[in-house]
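Raw structure04.txt, compact mmCIF, C-alpha atoms:
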# COMPACT_ATOMS: atom_id res chain seq x y z
CA MET A 1 72.07 97.94 116.12
CA ILE A 2 75.35 97.13 117.81
CA VAL A 3 78.28 98.53 115.84
CA GLY A 4 81.70 96.92 115.88
CA GLU A 5 85.00 97.04 114.06
CA GLN A 6 87.28 94.14 113.26
CA LYS A 7 90.54 93.99 115.18
CA SER A 8 93.85 94.31 113.36
CA ILE A 9 95.50 91.25 111.83
CA ALA A 10 98.45 91.75 114.21
CA GLU A 11 96.25 91.67 117.32
CA ILE A 12 94.33 88.65 116.07
CA ARG A 13 97.57 86.83 115.21
CA GLU A 14 98.83 87.38 118.73
CA MET A 15 95.63 85.91 120.21
CA ILE A 16 95.52 82.86 117.96
CA ALA A 17 99.24 82.08 118.22
CA PRO A 18 98.87 79.10 120.62
CA TYR A 19 96.25 77.32 118.50
CA LYS A 20 96.56 75.01 115.50
CA LYS A 21 92.91 74.64 114.53
CA LEU A 22 90.80 77.75 114.51
CA LEU A 23 87.12 78.33 113.84
CA ILE A 24 86.26 81.85 112.73
CA LEU A 25 82.65 82.24 113.77
CA GLY A 26 80.62 85.03 112.21
CA CYS A 27 77.36 86.58 113.32
CA GLY A 28 74.73 87.39 110.71
CA THR A 29 72.95 90.25 112.44
CA CYS A 30 74.39 93.56 113.74
CA VAL A 31 78.07 93.02 112.95
CA LYS A 32 77.18 91.80 109.47
CA THR A 33 75.41 95.09 108.78
CA CYS A 34 78.45 97.10 109.85
CA PHE A 35 80.85 94.90 107.82
CA ALA A 36 82.71 93.58 110.85
CA GLY A 37 81.62 89.99 111.34
CA GLY A 38 79.23 88.59 108.73
CA GLU A 39 79.87 85.74 106.34
CA ASP A 40 81.89 87.90 103.92
CA GLU A 41 84.08 89.28 106.69
CA VAL A 42 84.68 85.78 108.04
CA ALA A 43 85.87 84.66 104.59
CA THR A 44 88.07 87.72 104.11
CA LEU A 45 89.65 87.40 107.55
CA ALA A 46 90.24 83.67 107.11
CA SER A 47 92.02 84.29 103.83
CA ALA A 48 94.02 87.20 105.26
CA LEU A 49 95.10 85.12 108.25
CA ARG A 50 96.15 82.19 106.07
CA LEU A 51 98.24 84.53 103.89
CA SER A 52 99.73 86.29 106.90
CA LEU A 53 100.73 83.03 108.59
CA LYS A 54 102.03 81.42 105.42
CA LYS A 55 104.20 84.45 104.72
CA ASP A 56 105.88 83.78 108.06
CA GLY A 57 106.22 80.05 107.35
CA LYS A 58 103.40 79.10 109.71
CA GLU A 59 100.20 77.31 109.01
CA ILE A 60 97.01 76.61 110.92
CA ALA A 61 93.71 75.05 109.86
CA VAL A 62 91.06 77.74 109.62
CA GLU A 63 87.41 76.79 109.44
CA GLU A 64 84.69 79.31 108.64
CA PHE A 65 81.10 79.35 109.85
CA THR A 66 78.45 81.98 110.49
CA VAL A 67 75.30 81.76 112.58
CA GLU A 68 72.32 84.08 112.40
CA ARG A 69 72.91 85.47 115.91
CA GLN A 70 75.61 84.55 118.41
CA CYS A 71 73.68 86.11 121.29
CA GLU A 72 70.88 83.51 121.15
CA ASP A 73 71.26 79.93 122.23
CA ALA A 74 68.92 78.62 119.54
CA PHE A 75 71.27 79.89 116.83
CA ILE A 76 74.45 79.03 118.73
CA GLN A 77 73.50 75.35 118.66
CA GLU A 78 74.12 75.30 114.90
CA ALA A 79 77.77 76.10 115.56
CA ALA A 80 78.33 73.13 117.88
CA PRO A 81 79.57 70.62 115.25
CA HIS A 82 82.00 73.26 113.95
CA ILE A 83 83.33 74.20 117.36
CA SER A 84 84.18 70.75 118.72
CA PRO A 85 86.90 69.84 116.15
CA ASN A 86 88.74 73.14 116.68
CA SER A 87 91.14 74.19 119.41
CA ALA A 88 89.82 77.77 119.60
CA VAL A 89 87.02 79.98 118.33
CA LEU A 90 87.64 83.47 116.99
CA SER A 91 84.24 85.10 117.32
CA LEU A 92 83.41 88.04 115.08
CA ALA A 93 80.30 88.87 117.11
CA CYS A 94 79.87 91.75 119.54
CA GLY A 95 81.01 91.26 123.13
CA ALA A 96 77.65 89.73 124.02
CA GLY A 97 77.96 87.12 121.29
CA VAL A 98 81.52 86.24 122.29
CA GLN A 99 80.40 85.69 125.89
CA ALA A 100 77.34 83.68 124.85
CA ILE A 101 79.60 81.32 122.90
CA ALA A 102 82.05 81.11 125.81
CA ARG A 103 79.20 80.34 128.22
CA ARG A 104 77.84 77.59 125.99
CA PHE A 105 81.18 75.96 125.09
CA VAL A 106 83.10 76.15 128.35
CA LYS A 107 86.05 73.97 127.33
CA VAL A 108 86.96 75.89 124.17
CA PRO A 109 88.83 79.22 124.31
CA VAL A 110 86.70 81.92 122.68
CA LEU A 111 88.62 84.94 121.37
CA PRO A 112 87.16 88.32 120.34
CA GLY A 113 87.89 89.31 116.74
CA VAL A 114 85.85 92.50 116.88
CA ASN A 115 85.93 95.61 119.02
CA THR A 116 82.33 96.35 120.02
CA THR A 117 82.02 100.10 119.79
CA PHE A 118 78.49 101.45 120.23
CA ILE A 119 74.73 101.21 119.71
CA GLY A 120 74.08 103.17 116.58
CA VAL A 121 72.35 103.63 113.27
CA LEU A 122 73.37 103.27 109.65
CA GLU A 123 73.30 106.94 108.71
CA LYS A 124 74.20 106.15 105.12
CA GLN A 125 76.01 103.28 103.42
CA GLY A 126 79.32 102.87 105.24
CA LEU A 127 78.62 105.50 107.92
CA PHE A 128 77.51 104.43 111.39
CA THR A 129 76.81 106.88 114.18
CA GLU A 130 76.31 106.41 117.91
CA GLU A 131 72.78 107.25 119.00
CA CYS A 132 72.09 105.40 122.25
CA SER A 133 74.07 104.71 125.42
CA GLY A 134 71.60 102.16 126.80
CA CYS A 135 71.20 104.22 129.97
CA GLY A 136 68.06 102.34 130.98
CA ASP A 137 65.91 105.44 131.44
CA CYS A 138 64.98 106.82 128.03
CA LYS A 139 64.01 110.49 127.99
CA LEU A 140 63.92 111.12 124.27
CA ALA A 141 60.42 112.65 124.25
CA PRO A 142 61.16 116.20 125.52
CA PHE A 143 64.33 116.37 123.40
CA GLY A 144 62.60 115.96 120.05
CA GLY A 145 63.85 112.39 119.69
CA ILE A 146 67.53 113.35 119.91
CA CYS A 147 69.45 111.95 122.85
CA PRO A 148 71.57 114.49 124.73
CA VAL A 149 72.96 111.73 126.96
CA THR A 150 74.64 110.08 123.98
CA ARG A 151 75.00 112.80 121.40
CA CYS A 152 75.96 115.80 123.53
CA SER A 153 79.65 115.43 124.38
CA LYS A 154 78.94 116.93 127.81
CA LYS A 155 75.69 114.99 128.34
CA LEU A 156 73.88 118.26 129.15
CA LEU A 157 70.17 117.87 129.87
CA ASN A 158 69.19 121.52 130.40
CA GLY A 159 70.22 123.32 127.25
CA PRO A 160 73.35 123.93 125.23
CA CYS A 161 76.73 124.77 126.73
CA GLY A 162 77.31 127.72 124.40
CA GLY A 163 80.51 126.33 123.00
CA SER A 164 79.21 125.12 119.63
CA ARG A 165 80.18 126.81 116.36
CA ASN A 166 78.12 126.52 113.17
CA GLY A 167 76.20 123.60 114.60
CA LYS A 168 79.34 121.66 115.51
CA CYS A 169 80.52 120.68 118.96
CA GLU A 170 83.56 122.43 120.43
CA VAL A 171 84.96 119.02 121.35
CA SER A 172 85.35 118.15 117.68
CA PRO A 173 84.18 119.66 114.39
CA ASP A 174 83.18 116.12 113.38
CA ILE A 175 80.48 116.04 116.05
CA ASP A 176 77.12 117.70 115.47
CA CYS A 177 75.96 119.80 118.42
CA ALA A 178 73.15 117.70 119.85
CA TRP A 179 71.47 120.76 121.31
CA GLN A 180 71.46 122.52 117.95
CA LEU A 181 69.71 119.43 116.54
CA ILE A 182 67.30 119.26 119.49
CA ILE A 183 66.28 122.90 119.12
CA GLU A 184 65.87 122.63 115.35
CA ARG A 185 63.72 119.52 115.76
CA LEU A 186 61.62 121.03 118.55
CA LYS A 187 61.02 124.07 116.29
CA ILE A 188 59.72 121.77 113.54
CA LEU A 189 57.49 119.99 116.05
CA GLY A 190 56.26 123.27 117.55
CA GLN A 191 57.48 122.08 120.95
CA LEU A 192 60.10 124.68 121.83
CA ASP A 193 58.35 125.09 125.19
CA HIS A 194 60.09 121.85 126.20
CA LEU A 195 63.21 123.98 126.63
CA ARG A 196 61.56 125.40 129.77
CA ASP A 197 61.22 121.93 131.30
CA TYR A 198 63.67 121.42 134.13
CA MET A 199 65.47 118.10 133.85
CA PRO A 200 66.66 116.88 137.24
CA PRO A 201 70.11 115.32 137.56
CA LYS A 202 70.07 111.96 135.82
CA ASN A 203 69.83 108.89 137.96
CA TRP A 204 72.57 106.67 136.56
CA LYS A 205 71.48 103.71 138.68
CA THR A 206 69.60 102.30 135.68
CA SER A 207 72.70 102.55 133.49
CA HIS A 208 75.75 100.30 133.54
CA ALA A 209 77.02 102.45 136.40
CA GLY A 210 74.58 100.50 138.59
CA GLY A 211 76.37 97.24 137.74
CA PRO A 212 75.48 94.56 135.16
CA ARG A 213 71.80 94.74 134.32
CA LYS A 214 69.24 92.01 133.88
CA LEU A 215 65.83 92.05 132.25
CA VAL A 216 63.35 89.52 133.53
CA ARG A 217 60.12 88.88 131.64
CA GLU A 218 58.22 86.52 133.88
CA ASP A 219 55.45 86.22 131.30
CA HIS A 220 57.92 84.50 128.95
CA ILE A 221 59.60 82.24 131.48
CA ILE A 222 58.23 78.72 131.87
CA MET B 223 116.29 87.49 80.78
CA ALA B 224 115.86 83.73 80.59
CA ASP B 225 116.39 83.27 84.36
CA GLN B 226 114.22 86.24 85.27
CA PHE B 227 111.38 85.63 87.70
CA LYS B 228 108.15 85.03 85.74
CA PRO B 229 105.24 86.52 87.71
CA GLU B 230 101.90 84.78 87.78
CA ILE B 231 99.26 87.45 87.31
CA ALA B 232 95.59 87.05 88.16
CA VAL B 233 93.39 89.31 86.04
CA PHE B 234 89.88 90.13 87.17
CA HIS B 235 87.76 91.88 84.57
CA CYS B 236 84.21 92.98 83.98
CA ILE B 237 82.51 91.37 80.97
CA ASN B 238 81.63 94.85 79.82
CA THR B 239 85.28 95.81 79.52
CA PHE B 240 85.92 92.76 77.39
CA ALA B 241 83.50 89.89 77.17
CA ASP B 242 85.89 86.97 77.23
CA SER B 243 89.41 86.56 78.48
CA ALA B 244 90.12 84.52 75.36
CA VAL B 245 90.46 87.79 73.46
CA LEU B 246 93.56 88.52 75.50
CA PRO B 247 96.65 87.49 73.57
CA ILE B 248 98.49 86.98 76.84
CA ALA B 249 97.53 83.56 78.16
CA GLU B 250 101.14 82.44 78.08
CA ASN B 251 104.22 84.50 77.70
CA GLU B 252 107.88 83.90 78.41
CA HIS B 253 107.94 86.81 80.87
CA PHE B 254 104.68 86.27 82.79
CA SER B 255 101.65 84.03 82.97
CA VAL B 256 98.04 85.11 83.33
CA LYS B 257 94.97 83.55 84.87
CA SER B 258 91.86 85.55 84.18
CA TYR B 259 88.52 85.69 85.94
CA LYS B 260 85.53 87.35 84.33
CA LEU B 261 82.80 88.99 86.35
CA PRO B 262 79.34 90.21 85.34
CA CYS B 263 80.34 93.60 86.75
CA SER B 264 83.58 94.68 88.39
CA SER B 265 81.61 95.47 91.56
CA MET B 266 81.35 91.70 92.02
CA VAL B 267 85.03 91.57 92.90
CA LYS B 268 84.72 90.83 96.59
CA ASP B 269 87.64 91.36 98.97
CA VAL B 270 87.97 87.63 99.50
CA TYR B 271 88.27 86.88 95.76
CA LEU B 272 91.31 89.11 95.55
CA LEU B 273 92.89 87.54 98.64
CA ARG B 274 92.14 84.02 97.44
CA ALA B 275 93.89 84.76 94.17
CA PHE B 276 97.02 85.43 96.24
CA GLU B 277 96.35 82.27 98.23
CA ALA B 278 96.12 80.38 94.95
CA GLY B 279 99.64 81.51 94.11
CA ALA B 280 99.24 84.76 92.19
CA ASP B 281 102.22 87.09 92.48
CA ALA B 282 100.06 90.03 91.42
CA VAL B 283 96.38 90.73 90.94
CA LEU B 284 95.17 93.24 88.39
CA VAL B 285 91.57 94.40 88.17
CA PHE B 286 90.32 95.90 84.91
CA VAL B 287 87.19 98.02 85.03
CA CYS B 288 85.31 100.41 82.78
CA PRO B 289 86.22 104.12 82.81
CA GLU B 290 84.54 106.16 85.52
CA GLY B 291 81.11 107.31 84.43
CA GLN B 292 80.80 104.47 81.93
CA CYS B 293 79.79 101.58 84.17
CA ARG B 294 76.69 99.83 82.87
CA TYR B 295 75.55 99.54 86.49
CA VAL B 296 76.44 103.18 87.21
CA GLU B 297 78.82 102.74 90.14
CA GLY B 298 80.20 99.20 89.84
CA ASN B 299 83.69 100.34 88.88
CA ILE B 300 83.74 102.86 91.76
CA ARG B 301 82.80 100.10 94.21
CA ALA B 302 85.51 97.88 92.73
CA ALA B 303 88.07 100.66 93.22
CA LYS B 304 87.03 101.05 96.87
CA ARG B 305 87.36 97.31 97.48
CA VAL B 306 90.78 97.25 95.84
CA GLN B 307 91.87 100.09 98.13
CA PHE B 308 90.59 98.16 101.16
CA VAL B 309 92.42 95.00 100.16
CA LYS B 310 95.60 96.97 99.42
CA ARG B 311 95.58 98.17 103.04
CA LEU B 312 95.03 94.59 104.15
CA LEU B 313 97.94 93.37 102.02
CA ASP B 314 100.23 95.94 103.61
CA GLU B 315 99.02 94.85 107.05
CA ILE B 316 99.71 91.22 106.15
CA GLY B 317 103.11 92.20 104.81
CA ILE B 318 102.58 91.07 101.24
CA ASP B 319 102.98 94.56 99.70
CA ALA B 320 100.00 96.47 98.36
CA ARG B 321 101.80 97.11 95.07
CA ARG B 322 100.95 93.56 94.08
CA LEU B 323 97.33 94.65 93.61
CA ALA B 324 96.16 97.34 91.21
CA LEU B 325 93.06 98.53 89.40
CA PHE B 326 92.95 100.06 85.94
CA ASN B 327 90.17 101.76 84.01
CA ILE B 328 90.16 100.73 80.35
CA ALA B 329 87.81 101.44 77.47
CA ALA B 330 85.35 98.70 76.54
CA GLY B 331 86.87 96.08 74.27
CA ASP B 332 90.38 97.50 74.51
CA ALA B 333 92.18 94.22 75.11
CA ALA B 334 95.38 95.74 73.75
CA ALA B 335 95.37 98.17 76.68
CA VAL B 336 95.50 95.22 79.07
CA VAL B 337 98.61 93.88 77.39
CA GLU B 338 100.20 97.31 77.43
CA ILE B 339 99.38 97.82 81.13
CA ILE B 340 100.84 94.43 82.03
CA HIS B 341 104.02 95.21 80.11
CA GLN B 342 104.28 98.62 81.75
CA ASN B 343 103.93 97.13 85.22
CA LEU B 344 106.04 94.06 84.63
CA PRO B 345 109.39 95.54 85.76
CA GLU B 346 107.92 96.50 89.14
CA LEU B 347 106.23 93.10 89.55
CA VAL B 348 109.49 91.35 88.74
CA LYS B 349 111.25 93.58 91.26
CA LEU B 350 108.70 92.66 93.94
CA GLY B 351 109.54 89.01 93.41
CA PRO B 352 107.42 85.98 94.19
CA ASN B 353 104.41 86.23 96.47
CA PRO B 354 105.86 85.47 99.92
CA ALA B 355 102.64 83.73 100.99
CA ALA B 356 102.26 81.49 97.95

Starting from the file, give its structure as structure tokens.
Amino acid sequence: MIVGEQKSIAEIREMIAPYKKLLILGCGTCVKTCFAGGEDEVATLASALRLSLKKDGKEIAVEEFTVERQCEDAFIQEAAPHISPNSAVLSLACGAGVQAIARRFVKVPVLPGVNTTFIGVLEKQGLFTEECSGCGDCKLAPFGGICPVTRCSKKLLNGPCGGSRNGKCEVSPDIDCAWQLIIERLKILGQLDHLRDYMPPKNWKTSHAGGPRKLVREDHII
Amino acid sequence: MADQFKPEIAVFHCINTFADSAVLPIAENEHFSVKSYKLPCSSMVKDVYLLRAFEAGADAVLVFVCPEGQCRYVEGNIRAAKRVQFVKRLLDEIGIDARRLALFNIAAGDAAAVVEIIHQNLPELVKLGPNPAA
């Protein structure tokens, strides 16, 4: 899923300052799971903003609404009657959701309330870890299902750097050494011979480095 | 004392700490007033409930939960404590002062402890003054 974190009240206040009627629009999928932009977070932020503004003698009308997914037009439509009466939308979706709303409602300013951080997994309740960089050329198979592109701080494809200590990366003791994990996993799978495979330099053309990407599925386009 | 600020206190409590707020002999008092909200478990105290209590005019919000290790639902009181901590940070960020929100573990049925805790905290609440966002 896409992991995000809500922006600070101060940053949000600065963005919404010119507007008198604000819709806080939540997204019920990824950002809900990481407690950044679901229905509960919309309600909490709305209340926090009202309190923050009132403390400073200001007041704006804050409406709350959440759609299932802000990145899909079919779900965005449900927000239309809530968007039109407001002077701005504070979207708590990921960057894709914010842009999808902006594309659909061109005359309304759409503001980001969340910092989109990474594609990750829920490792345990309240802990999200980055697992995928969306490089567009997945090579997880020879690495025992552990991505060195994302999880090795140096993105090394041909073995460990030698700088890890007790399974932790030399960049930070909070980061597991991806190559330690890869080797341990390959041992379990009986596939340590993969370490002899030469991985050529990665072609980053398929990643974001090659510019904005597009996926076309002709079989689904009518 | 007569002109002293009289804080409005919102009390959230689990029905397993005390079943009904009516048992609290503190509904009205010359030094403070109390509005209480009972929950099936203290873990039901969502962030937004605490904030909305402040929006509704509370000068302070107190959350009463069972002692650690004695929650009927195992970890409800621990979850409540985490949420209170989160909202305290939010209150500081808003500029309302986190000291207006607190959580206390009390033994089941010990309504007298609630009264005692309120009295103990009253001087600080009075010092904090009215909720600036009320």

Practice item. Could the residues of chain A within 7 Å of chain B, counting all atoms listed in the file, be given as a VMD selection string, please? Key: chain A and resid 9 43 to 44 47 to 48 51 to 52 54 to 55

Take the selection from the previous step and output its residues with C-alpha atoms, as a compact mmCIF listing (two decimals), in the frame of the given file.
# COMPACT_ATOMS: atom_id res chain seq x y z
CA ILE A 9 95.50 91.25 111.83
CA ALA A 43 85.87 84.66 104.59
CA THR A 44 88.07 87.72 104.11
CA SER A 47 92.02 84.29 103.83
CA ALA A 48 94.02 87.20 105.26
CA LEU A 51 98.24 84.53 103.89
CA SER A 52 99.73 86.29 106.90
CA LYS A 54 102.03 81.42 105.42
CA LYS A 55 104.20 84.45 104.72

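Between B:Ser264 and the candidates B:Asp319, B:Glu290, B:Asp314, B:Asp332, the tightest atom-to-atom separation, counting only C-alpha atoms, involves B:Glu290.
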
Padded axis-aligned box of stretch 153-170 of chain A (4 Å per side), centre and edge lengths, Å, one decimal, as AutoDock Vina command-line options:
--center_x 76.4 --center_y 121.4 --center_z 121.8 --size_x 22.4 --size_y 20.7 --size_z 25.2

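The gap separating atom CA of B:Val287 from atom CA of B:Leu325 is 7.3 Å, in Å to one decimal.
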
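The two atoms in question, atom CA of A:Pro200 and atom CA of A:Ile2, are spaced 29.0 Å apart.
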
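One finds atom CA of B:Asp242 at 27.6 Å from atom CA of B:Phe227.
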
Env of stretch 12-16 of chain A: 10 Å cut, atoms = all atoms listed in the file, seq-sep filter 3 positions within chain, self excluded. Answer as a short mmCIF file (atom, residue, chain, number, x, y, z; two decimals) with C-alpha atoms, in the frame of the given file.
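Dumped everything to selection_12.cif:
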data_model
loop_
_atom_site.label_atom_id
_atom_site.label_comp_id
_atom_site.auth_asym_id
_atom_site.auth_seq_id
_atom_site.Cartn_x
_atom_site.Cartn_y
_atom_site.Cartn_z
CA GLN A 6 87.28 94.14 113.26
CA LYS A 7 90.54 93.99 115.18
CA SER A 8 93.85 94.31 113.36
CA ILE A 9 95.50 91.25 111.83
CA TYR A 19 96.25 77.32 118.50
CA LYS A 20 96.56 75.01 115.50
CA LYS A 21 92.91 74.64 114.53
CA LEU A 22 90.80 77.75 114.51
CA LEU A 45 89.65 87.40 107.55
CA LEU A 49 95.10 85.12 108.25
CA SER A 52 99.73 86.29 106.90
CA LEU A 53 100.73 83.03 108.59
CA ILE A 60 97.01 76.61 110.92
CA SER A 87 91.14 74.19 119.41
CA ALA A 88 89.82 77.77 119.60
CA VAL A 89 87.02 79.98 118.33
CA LEU A 90 87.64 83.47 116.99
CA PRO A 109 88.83 79.22 124.31
CA LEU A 111 88.62 84.94 121.37
CA PRO A 112 87.16 88.32 120.34
CA GLY A 113 87.89 89.31 116.74
CA VAL A 114 85.85 92.50 116.88
#

Practice item. Determine, counting all atoms listed in the file, every residue of protein, DNA or RNA that lies within 12 Å of (83.8, 78.8, 120.2) in the file coordinates, then give the result as a PyMOL selection string. Key: chain A and resi 21-26+63-67+70+76-93+97-113

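In terms of minimum interatomic distance to A:Val149, A:Ser133 ranks closest within A:Ser172, A:Ser133, A:Thr33, A:Ser164, counting only C-alpha atoms.
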
Check your understanding: Within 12 Å of (70.1, 127.4, 128.2), all atoms listed in the file: residues as a list in words?
Key -> Leu156, Leu157, Asn158, Gly159, Pro160, Cys161, Gly162, Gly163, Trp179, Gln180, Ile183, His194, Leu195, Arg196, Asp197, Tyr198 and Met199 of chain A

Please produce a file of the residues just selected, as a PDB file, in the frame of the given file, where the atoms kept are C-alpha atoms.
ATOM      1  CA  LEU A 156      73.880 118.260 129.150  1.00  0.00           C
ATOM      2  CA  LEU A 157      70.170 117.870 129.870  1.00  0.00           C
ATOM      3  CA  ASN A 158      69.190 121.520 130.400  1.00  0.00           C
ATOM      4  CA  GLY A 159      70.220 123.320 127.250  1.00  0.00           C
ATOM      5  CA  PRO A 160      73.350 123.930 125.230  1.00  0.00           C
ATOM      6  CA  CYS A 161      76.730 124.770 126.730  1.00  0.00           C
ATOM      7  CA  GLY A 162      77.310 127.720 124.400  1.00  0.00           C
ATOM      8  CA  GLY A 163      80.510 126.330 123.000  1.00  0.00           C
ATOM      9  CA  TRP A 179      71.470 120.760 121.310  1.00  0.00           C
ATOM     10  CA  GLN A 180      71.460 122.520 117.950  1.00  0.00           C
ATOM     11  CA  ILE A 183      66.280 122.900 119.120  1.00  0.00           C
ATOM     12  CA  HIS A 194      60.090 121.850 126.200  1.00  0.00           C
ATOM     13  CA  LEU A 195      63.210 123.980 126.630  1.00  0.00           C
ATOM     14  CA  ARG A 196      61.560 125.400 129.770  1.00  0.00           C
ATOM     15  CA  ASP A 197      61.220 121.930 131.300  1.00  0.00           C
ATOM     16  CA  TYR A 198      63.670 121.420 134.130  1.00  0.00           C
ATOM     17  CA  MET A 199      65.470 118.100 133.850  1.00  0.00           C
TER      18      MET A 199
END

**Study point:** Who sits within 6 Å of A:Met1, only C-alpha atoms, same chain under 2 positions skipped, as a PyMOL selection string
**Key:** chain A and resi 30+119-120

Practice item. Name the closest residue to B:Leu350 among the candidates B:Arg311, B:Lys257, B:Lys304, B:Arg322; distances are taken between atoms, counting all atoms listed in the file. Key: B:Arg322

Review point. From the set A:Asn203, A:Gly28, A:Glu218, A:Gly57, which residue has the shortest atom-to-atom contact distance to A:Cys138, counting only C-alpha atoms?
Key: A:Asn203

Practice item. Do a neighbour search on A:Ala141 at 12 Å with all atoms listed in the file, toss out local chain neighbours closer than 3 positions, and write the hits as number ranges by chain. Key: A: 137-138, 144-148, 182, 185-186, 189, 191, 194-195, 197

Practice item. Just the residues within 9 Å of stretch 340-346 of chain B, please, counting all atoms listed in the file, with nothing from its chain fewer than 5 positions along; format it as a ChimeraX atom specification. Key: /B:229,231,253-254,284,321,335,351
